[in-house]
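Each remark here refers to the structure printed beneath this line.
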Amino acid sequence: MPDRSLTFIIGGARSAKRAHAETLATALPPPWAYIATAQAYDGEMRERIAQHRSRRGEGWATIDAPLDLAGALEALPDSQPVLVDCLTLWLTNHMLADHDLEGECRRLADVLSRPRGPWFVVSNEVGQGIVPENALARRFRDAAGRLNQQIAVVADMVLLIVAGLPLKVK
(Lines give C-alpha, C1' and ligand atoms only; values in the text may rest on other atoms or scores of the structure.)
Protein backbone atom coordinates (compact mmCIF):
# COMPACT_ATOMS: atom_id res chain seq x y z
CA MET A 1 0.00 0.00 0.00
CA PRO A 2 1.56 3.33 -1.00
CA ASP A 3 2.05 6.06 1.59
CA ARG A 4 -1.07 8.23 1.66
CA SER A 5 -0.25 10.87 4.21
CA LEU A 6 -0.37 14.61 4.64
CA THR A 7 2.55 16.36 6.30
CA PHE A 8 1.83 20.00 7.13
CA ILE A 9 4.96 22.14 7.45
CA ILE A 10 4.50 25.56 8.99
CA GLY A 11 6.90 28.26 10.11
CA GLY A 12 7.83 31.89 9.82
CA ALA A 13 9.40 33.64 6.86
CA ARG A 14 12.85 32.32 6.02
CA SER A 15 12.58 29.53 8.60
CA ALA A 16 13.68 26.91 5.99
CA LYS A 17 10.25 25.26 5.85
CA ARG A 18 10.32 24.84 2.05
CA ALA A 19 13.84 23.39 2.15
CA HIS A 20 12.75 20.91 4.81
CA ALA A 21 9.70 19.94 2.75
CA GLU A 22 11.95 19.37 -0.28
CA THR A 23 14.26 17.16 1.80
CA LEU A 24 11.31 15.05 2.96
CA ALA A 25 9.89 14.74 -0.56
CA THR A 26 13.19 13.87 -2.23
CA ALA A 27 13.80 11.09 0.31
CA LEU A 28 11.08 9.30 -1.69
CA PRO A 29 11.47 7.97 -5.23
CA PRO A 30 10.83 10.44 -8.08
CA PRO A 31 9.03 11.79 -9.94
CA TRP A 32 8.01 14.52 -7.52
CA ALA A 33 5.34 17.14 -8.15
CA TYR A 34 5.93 20.71 -6.99
CA ILE A 35 2.70 22.68 -6.91
CA ALA A 36 3.56 26.37 -6.89
CA THR A 37 1.00 28.95 -5.83
CA ALA A 38 3.05 32.10 -6.38
CA GLN A 39 2.23 34.63 -9.06
CA ALA A 40 4.95 36.85 -10.51
CA TYR A 41 3.53 40.36 -10.25
CA ASP A 42 6.95 42.06 -10.32
CA GLY A 43 10.57 41.50 -11.27
CA GLU A 44 11.68 40.51 -7.78
CA MET A 45 9.05 37.78 -7.57
CA ARG A 46 9.90 36.55 -11.09
CA GLU A 47 13.52 36.22 -9.95
CA ARG A 48 12.53 34.28 -6.80
CA ILE A 49 10.42 31.88 -8.84
CA ALA A 50 13.26 31.35 -11.35
CA GLN A 51 15.73 30.63 -8.51
CA HIS A 52 13.38 28.08 -6.94
CA ARG A 53 12.85 26.30 -10.26
CA SER A 54 16.55 26.14 -11.12
CA ARG A 55 17.53 24.88 -7.67
CA ARG A 56 15.08 21.95 -7.73
CA GLY A 57 16.77 20.15 -10.59
CA GLU A 58 15.66 16.98 -12.34
CA GLY A 59 12.90 14.73 -11.11
CA TRP A 60 10.52 17.60 -10.32
CA ALA A 61 7.44 18.45 -12.35
CA THR A 62 6.28 21.98 -11.57
CA ILE A 63 2.55 22.70 -11.65
CA ASP A 64 1.42 26.29 -11.33
CA ALA A 65 -1.80 26.49 -9.32
CA PRO A 66 -2.23 30.02 -7.98
CA LEU A 67 -6.00 29.54 -7.54
CA ASP A 68 -7.17 25.97 -8.26
CA LEU A 69 -4.91 24.15 -5.84
CA ALA A 70 -7.59 21.58 -4.98
CA GLY A 71 -8.06 20.80 -8.68
CA ALA A 72 -4.31 20.47 -9.23
CA LEU A 73 -4.05 18.01 -6.34
CA GLU A 74 -7.02 15.99 -7.58
CA ALA A 75 -5.47 15.72 -11.05
CA LEU A 76 -2.25 14.10 -9.83
CA PRO A 77 -1.66 10.36 -10.12
CA ASP A 78 -1.92 8.18 -7.02
CA SER A 79 1.18 7.64 -4.90
CA GLN A 80 3.17 10.57 -6.37
CA PRO A 81 5.10 12.61 -3.79
CA VAL A 82 3.75 16.19 -3.84
CA LEU A 83 5.06 19.41 -2.35
CA VAL A 84 2.69 22.40 -2.17
CA ASP A 85 4.40 25.78 -1.72
CA CYS A 86 2.58 27.60 -0.18
CA LEU A 87 -0.87 28.01 1.32
CA THR A 88 -0.43 31.65 2.35
CA LEU A 89 0.33 32.74 -1.22
CA TRP A 90 -2.65 30.71 -2.42
CA LEU A 91 -4.84 32.44 0.17
CA THR A 92 -3.48 35.85 -0.88
CA ASN A 93 -4.38 35.11 -4.51
CA HIS A 94 -7.96 34.34 -3.52
CA MET A 95 -8.20 37.42 -1.31
CA LEU A 96 -6.95 39.67 -4.13
CA ALA A 97 -9.48 38.09 -6.50
CA ASP A 98 -12.24 38.67 -3.92
CA HIS A 99 -13.22 34.99 -3.93
CA ASP A 100 -15.21 33.14 -1.28
CA LEU A 101 -12.36 32.40 1.16
CA GLU A 102 -14.33 30.12 3.44
CA GLY A 103 -15.61 28.05 0.53
CA GLU A 104 -12.18 27.78 -1.12
CA CYS A 105 -10.54 26.83 2.18
CA ARG A 106 -13.19 24.16 2.87
CA ARG A 107 -12.71 22.71 -0.61
CA LEU A 108 -8.94 22.59 -0.17
CA ALA A 109 -9.15 21.07 3.33
CA ASP A 110 -11.49 18.41 1.96
CA VAL A 111 -9.03 17.42 -0.78
CA LEU A 112 -6.08 17.49 1.63
CA SER A 113 -7.97 15.23 4.04
CA ARG A 114 -7.76 12.49 1.38
CA PRO A 115 -4.12 12.40 0.21
CA ARG A 116 -3.47 9.87 -2.53
CA GLY A 117 0.26 9.78 -1.88
CA PRO A 118 2.84 11.39 0.36
CA TRP A 119 1.82 15.05 0.32
CA PHE A 120 3.87 17.85 1.92
CA VAL A 121 2.13 21.20 2.34
CA VAL A 122 3.96 24.38 3.34
CA SER A 123 2.39 27.42 5.01
CA ASN A 124 3.47 30.49 6.93
CA GLU A 125 2.73 31.00 10.60
CA VAL A 126 1.51 34.59 10.63
CA GLY A 127 -0.14 34.85 14.04
CA GLN A 128 2.87 35.23 16.31
CA GLY A 129 3.61 38.87 15.53
CA ILE A 130 1.88 42.09 16.38
CA VAL A 131 -1.69 42.83 15.39
CA PRO A 132 -1.53 44.48 11.95
CA GLU A 133 -2.50 48.14 11.77
CA ASN A 134 -4.82 47.86 8.76
CA ALA A 135 -8.02 45.95 8.12
CA LEU A 136 -6.78 44.02 5.05
CA ALA A 137 -3.71 42.73 6.89
CA ARG A 138 -5.85 41.74 9.89
CA ARG A 139 -8.29 39.95 7.58
CA PHE A 140 -5.40 38.07 5.96
CA ARG A 141 -3.86 37.13 9.31
CA ASP A 142 -7.19 35.85 10.58
CA ALA A 143 -7.96 33.90 7.38
CA ALA A 144 -4.45 32.38 7.33
CA GLY A 145 -4.79 31.33 10.96
CA ARG A 146 -8.13 29.66 10.30
CA LEU A 147 -6.79 27.91 7.17
CA ASN A 148 -3.71 26.66 9.02
CA GLN A 149 -5.94 25.26 11.76
CA GLN A 150 -8.14 23.47 9.20
CA ILE A 151 -5.14 21.86 7.54
CA ALA A 152 -3.46 20.93 10.83
CA VAL A 153 -6.62 19.05 11.86
CA VAL A 154 -6.63 16.86 8.73
CA ALA A 155 -2.83 16.40 8.60
CA ASP A 156 -1.20 13.17 9.69
CA MET A 157 1.88 15.07 10.84
CA VAL A 158 2.47 18.75 11.62
CA LEU A 159 6.00 20.15 11.73
CA LEU A 160 6.83 23.62 13.00
CA ILE A 161 10.09 24.90 11.53
CA VAL A 162 12.00 27.35 13.73
CA ALA A 163 15.39 28.70 12.60
CA GLY A 164 15.79 25.72 10.27
CA LEU A 165 14.94 23.15 12.93
CA PRO A 166 11.84 20.94 12.64
CA LEU A 167 9.74 20.51 15.74
CA LYS A 168 7.09 17.79 15.63
CA VAL A 169 3.75 19.23 16.76
CA LYS A 170 1.51 16.34 15.70
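Chain labels A, B, ... are given in the sequence in which chains occur in the C-alpha coordinates; within each chain residues are numbered consecutively from 1, and ligands are likewise numbered from 1 in the order shown.
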- Query: Which residues come within 8 Å of Met157 in chain A, counting only C-alpha atoms, excluding same-chain residues fewer than 3 positions away, as a PyMOL selection string?
  - Reply: chain A and resi 6-8+152+168-170
Okay, now the selection with N, CA, C and O atoms, as a short mmCIF file (atom, residue, chain, number, x, y, z; two decimals), in the first residue's frame?
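Output saved as again07.cif:
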```cif
data_model
loop_
_atom_site.label_atom_id
_atom_site.label_comp_id
_atom_site.auth_asym_id
_atom_site.auth_seq_id
_atom_site.Cartn_x
_atom_site.Cartn_y
_atom_site.Cartn_z
N LEU A 6 -0.52 13.17 4.78
CA LEU A 6 -0.37 14.61 4.64
C LEU A 6 0.55 15.11 5.75
O LEU A 6 0.25 14.92 6.93
N THR A 7 1.65 15.72 5.35
CA THR A 7 2.55 16.36 6.30
C THR A 7 2.42 17.86 6.10
O THR A 7 2.65 18.37 4.99
N PHE A 8 2.03 18.56 7.15
CA PHE A 8 1.83 20.00 7.13
C PHE A 8 3.05 20.65 7.77
O PHE A 8 3.38 20.36 8.92
N ALA A 152 -4.10 21.66 9.73
CA ALA A 152 -3.46 20.93 10.83
C ALA A 152 -4.37 19.82 11.35
O ALA A 152 -3.90 18.73 11.70
N LYS A 168 8.31 18.55 15.89
CA LYS A 168 7.09 17.79 15.63
C LYS A 168 5.99 18.27 16.58
O LYS A 168 6.13 18.22 17.79
N VAL A 169 4.89 18.75 15.99
CA VAL A 169 3.75 19.23 16.76
C VAL A 169 2.69 18.14 16.84
O VAL A 169 2.03 17.97 17.87
N LYS A 170 2.52 17.41 15.77
CA LYS A 170 1.51 16.34 15.70
C LYS A 170 2.09 15.17 14.92
O LYS A 170 2.77 15.33 13.94
#
```
- Please provide as an MDAnalysis selection string all residues within 12 Å of Arg139 in chain A, with the sequence filter that same-chain residues fewer than 3 positions apart are discarded (counting only C-alpha atoms). chainID A and resid 91:92 95:96 101 126:127 131:136 142:146
Once you have the residues from the selection above, write them out as a PDB file, in the first residue's frame, restricted to N, CA, C and O atoms.
```
ATOM      1  N   LEU A  91      -3.792  31.675  -0.507  1.00  0.00           N
ATOM      2  CA  LEU A  91      -4.835  32.437   0.172  1.00  0.00           C
ATOM      3  C   LEU A  91      -4.815  33.901  -0.277  1.00  0.00           C
ATOM      4  O   LEU A  91      -5.859  34.496  -0.550  1.00  0.00           O
ATOM      5  N   THR A  92      -3.624  34.469  -0.403  1.00  0.00           N
ATOM      6  CA  THR A  92      -3.484  35.846  -0.883  1.00  0.00           C
ATOM      7  C   THR A  92      -4.101  35.998  -2.270  1.00  0.00           C
ATOM      8  O   THR A  92      -4.815  36.974  -2.534  1.00  0.00           O
ATOM      9  N   MET A  95      -7.776  36.153  -1.917  1.00  0.00           N
ATOM     10  CA  MET A  95      -8.199  37.420  -1.310  1.00  0.00           C
ATOM     11  C   MET A  95      -8.163  38.545  -2.342  1.00  0.00           C
ATOM     12  O   MET A  95      -9.106  39.334  -2.441  1.00  0.00           O
ATOM     13  N   LEU A  96      -7.083  38.621  -3.115  1.00  0.00           N
ATOM     14  CA  LEU A  96      -6.950  39.673  -4.126  1.00  0.00           C
ATOM     15  C   LEU A  96      -8.004  39.549  -5.220  1.00  0.00           C
ATOM     16  O   LEU A  96      -8.417  40.549  -5.806  1.00  0.00           O
ATOM     17  N   LEU A 101     -13.481  33.024   0.445  1.00  0.00           N
ATOM     18  CA  LEU A 101     -12.361  32.399   1.155  1.00  0.00           C
ATOM     19  C   LEU A 101     -12.791  31.165   1.931  1.00  0.00           C
ATOM     20  O   LEU A 101     -12.113  30.133   1.883  1.00  0.00           O
ATOM     21  N   VAL A 126       1.579  33.128  10.659  1.00  0.00           N
ATOM     22  CA  VAL A 126       1.512  34.595  10.628  1.00  0.00           C
ATOM     23  C   VAL A 126       0.909  35.183  11.902  1.00  0.00           C
ATOM     24  O   VAL A 126       0.778  36.390  12.012  1.00  0.00           O
ATOM     25  N   GLY A 127       0.557  34.356  12.867  1.00  0.00           N
ATOM     26  CA  GLY A 127      -0.141  34.854  14.044  1.00  0.00           C
ATOM     27  C   GLY A 127       0.717  35.109  15.260  1.00  0.00           C
ATOM     28  O   GLY A 127       0.188  35.375  16.329  1.00  0.00           O
ATOM     29  N   VAL A 131      -0.437  42.693  16.121  1.00  0.00           N
ATOM     30  CA  VAL A 131      -1.693  42.833  15.387  1.00  0.00           C
ATOM     31  C   VAL A 131      -1.466  43.871  14.290  1.00  0.00           C
ATOM     32  O   VAL A 131      -1.014  44.987  14.564  1.00  0.00           O
ATOM     33  N   PRO A 132      -1.746  43.526  13.035  1.00  0.00           N
ATOM     34  CA  PRO A 132      -1.526  44.484  11.945  1.00  0.00           C
ATOM     35  C   PRO A 132      -2.358  45.748  12.120  1.00  0.00           C
ATOM     36  O   PRO A 132      -3.445  45.722  12.691  1.00  0.00           O
ATOM     37  N   GLU A 133      -1.843  46.842  11.582  1.00  0.00           N
ATOM     38  CA  GLU A 133      -2.503  48.136  11.766  1.00  0.00           C
ATOM     39  C   GLU A 133      -3.620  48.414  10.767  1.00  0.00           C
ATOM     40  O   GLU A 133      -4.377  49.331  10.957  1.00  0.00           O
ATOM     41  N   ASN A 134      -3.749  47.581   9.723  1.00  0.00           N
ATOM     42  CA  ASN A 134      -4.819  47.857   8.756  1.00  0.00           C
ATOM     43  C   ASN A 134      -5.750  46.663   8.612  1.00  0.00           C
ATOM     44  O   ASN A 134      -5.390  45.525   8.893  1.00  0.00           O
ATOM     45  N   ALA A 135      -6.955  46.959   8.169  1.00  0.00           N
ATOM     46  CA  ALA A 135      -8.016  45.953   8.116  1.00  0.00           C
ATOM     47  C   ALA A 135      -7.690  44.803   7.170  1.00  0.00           C
ATOM     48  O   ALA A 135      -7.977  43.638   7.486  1.00  0.00           O
ATOM     49  N   LEU A 136      -7.106  45.083   5.996  1.00  0.00           N
ATOM     50  CA  LEU A 136      -6.785  44.022   5.051  1.00  0.00           C
ATOM     51  C   LEU A 136      -5.762  43.055   5.648  1.00  0.00           C
ATOM     52  O   LEU A 136      -5.920  41.836   5.550  1.00  0.00           O
ATOM     53  N   ASP A 142      -6.115  36.672  10.027  1.00  0.00           N
ATOM     54  CA  ASP A 142      -7.188  35.847  10.577  1.00  0.00           C
ATOM     55  C   ASP A 142      -7.528  34.680   9.642  1.00  0.00           C
ATOM     56  O   ASP A 142      -7.699  33.542  10.092  1.00  0.00           O
ATOM     57  N   ALA A 143      -7.632  34.954   8.352  1.00  0.00           N
ATOM     58  CA  ALA A 143      -7.957  33.897   7.385  1.00  0.00           C
ATOM     59  C   ALA A 143      -6.834  32.856   7.326  1.00  0.00           C
ATOM     60  O   ALA A 143      -7.100  31.653   7.254  1.00  0.00           O
ATOM     61  N   ALA A 144      -5.587  33.304   7.354  1.00  0.00           N
ATOM     62  CA  ALA A 144      -4.455  32.377   7.327  1.00  0.00           C
ATOM     63  C   ALA A 144      -4.446  31.507   8.583  1.00  0.00           C
ATOM     64  O   ALA A 144      -4.191  30.296   8.517  1.00  0.00           O
ATOM     65  N   GLY A 145      -4.731  32.105   9.720  1.00  0.00           N
ATOM     66  CA  GLY A 145      -4.790  31.331  10.959  1.00  0.00           C
ATOM     67  C   GLY A 145      -5.870  30.262  10.919  1.00  0.00           C
ATOM     68  O   GLY A 145      -5.643  29.114  11.325  1.00  0.00           O
ATOM     69  N   ARG A 146      -7.040  30.637  10.413  1.00  0.00           N
ATOM     70  CA  ARG A 146      -8.135  29.657  10.302  1.00  0.00           C
ATOM     71  C   ARG A 146      -7.775  28.544   9.315  1.00  0.00           C
ATOM     72  O   ARG A 146      -8.016  27.360   9.580  1.00  0.00           O
TER      73      ARG A 146
END
```
Range 81-132 of chain A residues near range 28-35 of chain A within 12 Å, closest pair each, using only C-alpha atoms, as a tab-separated table:
```
residue	atom	partner	partner_atom	distance
A:Pro81	CA	A:Trp32	CA	5.1
A:Val82	CA	A:Ala33	CA	4.7
A:Leu83	CA	A:Tyr34	CA	4.9
A:Val84	CA	A:Ile35	CA	4.7
A:Asp85	CA	A:Ile35	CA	6.3
A:Cys86	CA	A:Ile35	CA	8.3
A:Leu87	CA	A:Ile35	CA	10.4
A:Leu89	CA	A:Ile35	CA	11.8
A:Trp90	CA	A:Ile35	CA	10.6
A:Gly117	CA	A:Trp32	CA	10.7
A:Pro118	CA	A:Leu28	CA	8.7
A:Trp119	CA	A:Ala33	CA	9.4
A:Phe120	CA	A:Tyr34	CA	9.6
A:Val121	CA	A:Ile35	CA	9.4
A:Val122	CA	A:Ile35	CA	10.5
```
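Counting only C-alpha atoms and comparing A:Asp3, A:Asp98, A:Glu125, A:Glu104, the residue that lies closest to Asn148 in chain A is A:Glu125.
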Spatial neighbours of Ile49 in chain A, max dist 12 Å, only C-alpha atoms, sep filter under 3 positions, as an mmCIF file with N, CA, C and O atoms, in the first residue's frame:
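For reference, selection05.cif as written:
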```cif
data_model
loop_
_atom_site.group_PDB
_atom_site.id
_atom_site.type_symbol
_atom_site.label_atom_id
_atom_site.label_comp_id
_atom_site.auth_asym_id
_atom_site.auth_seq_id
_atom_site.Cartn_x
_atom_site.Cartn_y
_atom_site.Cartn_z
ATOM 1 N N ALA A 36 3.196 24.996 -7.257
ATOM 2 C CA ALA A 36 3.562 26.368 -6.889
ATOM 3 C C ALA A 36 2.331 27.259 -6.931
ATOM 4 O O ALA A 36 1.558 27.224 -7.894
ATOM 5 N N THR A 37 2.162 28.064 -5.901
ATOM 6 C CA THR A 37 0.996 28.947 -5.825
ATOM 7 C C THR A 37 1.346 30.413 -6.069
ATOM 8 O O THR A 37 0.455 31.244 -6.135
ATOM 9 N N ALA A 38 2.620 30.713 -6.205
ATOM 10 C CA ALA A 38 3.053 32.103 -6.380
ATOM 11 C C ALA A 38 2.662 32.635 -7.750
ATOM 12 O O ALA A 38 2.597 31.885 -8.730
ATOM 13 N N GLN A 39 2.433 33.930 -7.792
ATOM 14 C CA GLN A 39 2.231 34.631 -9.058
ATOM 15 C C GLN A 39 3.289 35.730 -9.147
ATOM 16 O O GLN A 39 3.566 36.399 -8.166
ATOM 17 N N ALA A 40 3.870 35.888 -10.316
ATOM 18 C CA ALA A 40 4.955 36.853 -10.509
ATOM 19 C C ALA A 40 4.379 38.203 -10.933
ATOM 20 O O ALA A 40 4.230 38.473 -12.115
ATOM 21 N N TYR A 41 4.078 39.026 -9.955
ATOM 22 C CA TYR A 41 3.531 40.356 -10.249
ATOM 23 C C TYR A 41 4.613 41.403 -10.493
ATOM 24 O O TYR A 41 4.335 42.478 -10.992
ATOM 25 N N ASP A 42 5.866 41.089 -10.126
ATOM 26 C CA ASP A 42 6.946 42.058 -10.316
ATOM 27 C C ASP A 42 8.256 41.314 -10.588
ATOM 28 O O ASP A 42 8.320 40.093 -10.506
ATOM 29 N N GLY A 43 9.282 42.074 -10.915
ATOM 30 C CA GLY A 43 10.572 41.502 -11.269
ATOM 31 C C GLY A 43 11.209 40.713 -10.142
ATOM 32 O O GLY A 43 11.802 39.655 -10.371
ATOM 33 N N GLU A 44 11.085 41.202 -8.925
ATOM 34 C CA GLU A 44 11.684 40.514 -7.780
ATOM 35 C C GLU A 44 11.043 39.138 -7.589
ATOM 36 O O GLU A 44 11.738 38.150 -7.361
ATOM 37 N N MET A 45 9.725 39.064 -7.735
ATOM 38 C CA MET A 45 9.049 37.784 -7.570
ATOM 39 C C MET A 45 9.376 36.851 -8.736
ATOM 40 O O MET A 45 9.546 35.644 -8.538
ATOM 41 N N ARG A 46 9.492 37.381 -9.946
ATOM 42 C CA ARG A 46 9.901 36.552 -11.092
ATOM 43 C C ARG A 46 11.275 35.936 -10.833
ATOM 44 O O ARG A 46 11.507 34.766 -11.134
ATOM 45 N N HIS A 52 13.963 29.303 -7.501
ATOM 46 C CA HIS A 52 13.377 28.079 -6.943
ATOM 47 C C HIS A 52 13.357 26.972 -7.992
ATOM 48 O O HIS A 52 13.740 25.836 -7.711
ATOM 49 N N ARG A 53 12.932 27.315 -9.196
ATOM 50 C CA ARG A 53 12.845 26.303 -10.259
ATOM 51 C C ARG A 53 14.223 25.740 -10.614
ATOM 52 O O ARG A 53 14.380 24.535 -10.775
ATOM 53 N N SER A 54 15.221 26.608 -10.727
ATOM 54 C CA SER A 54 16.551 26.140 -11.121
ATOM 55 C C SER A 54 17.209 25.313 -10.020
ATOM 56 O O SER A 54 17.961 24.382 -10.307
ATOM 57 N N ARG A 55 16.923 25.599 -8.780
ATOM 58 C CA ARG A 55 17.526 24.885 -7.666
ATOM 59 C C ARG A 55 16.963 23.461 -7.538
ATOM 60 O O ARG A 55 17.658 22.550 -7.102
ATOM 61 N N ARG A 56 15.709 23.260 -7.912
ATOM 62 C CA ARG A 56 15.080 21.950 -7.727
ATOM 63 C C ARG A 56 15.727 20.856 -8.568
ATOM 64 O O ARG A 56 15.844 19.732 -8.120
ATOM 65 N N THR A 62 6.883 20.799 -12.199
ATOM 66 C CA THR A 62 6.276 21.975 -11.575
ATOM 67 C C THR A 62 4.893 22.220 -12.162
ATOM 68 O O THR A 62 4.717 22.239 -13.376
ATOM 69 N N ASP A 64 1.836 24.990 -11.842
ATOM 70 C CA ASP A 64 1.417 26.291 -11.326
ATOM 71 C C ASP A 64 -0.070 26.238 -11.003
ATOM 72 O O ASP A 64 -0.891 25.935 -11.879
ATOM 73 N N ASP A 85 3.720 24.592 -2.254
ATOM 74 C CA ASP A 85 4.395 25.776 -1.723
ATOM 75 C C ASP A 85 3.724 27.019 -2.288
ATOM 76 O O ASP A 85 3.906 27.325 -3.448
#
```
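One finds CA of Ala25 in chain A at 14.7 Å from CA of Pro166 in chain A.
For the residues A:Ser79, A:Thr26, A:Ser15, A:Gln128, ranking by smallest atom-to-atom distance to Trp60 in chain A using only C-alpha atoms places A:Thr26 first.
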- Query: Excluding same-chain residues fewer than 3 positions from Leu112 in chain A, what lies within 9 Å of it counting only C-alpha atoms, as JSON, numbers by chain?
  - Reply: {"A": [6, 70, 73, 107, 108, 109, 115, 119, 151, 154, 155]}
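Among the candidates A:His20, A:Arg48, A:His94, A:Arg106, the residue lying nearest to Leu147 in chain A is A:Arg106 (atoms considered: only C-alpha atoms).
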- Task: Could you tell me which of A:Gly103, A:Ala72, A:Asp156, A:Ile63 comes closest to Arg4 in chain A if we count only C-alpha atoms?
- Result: A:Asp156
- Message: Quick check for you: according to DSSP on this backbone, which residues of chain A are classed as strand (DSSP E or B)? Reply as a PyMOL selection string.
- Response: chain A and resi 5-11+32-36+60-64+82-85+118-124+157-162+165-168
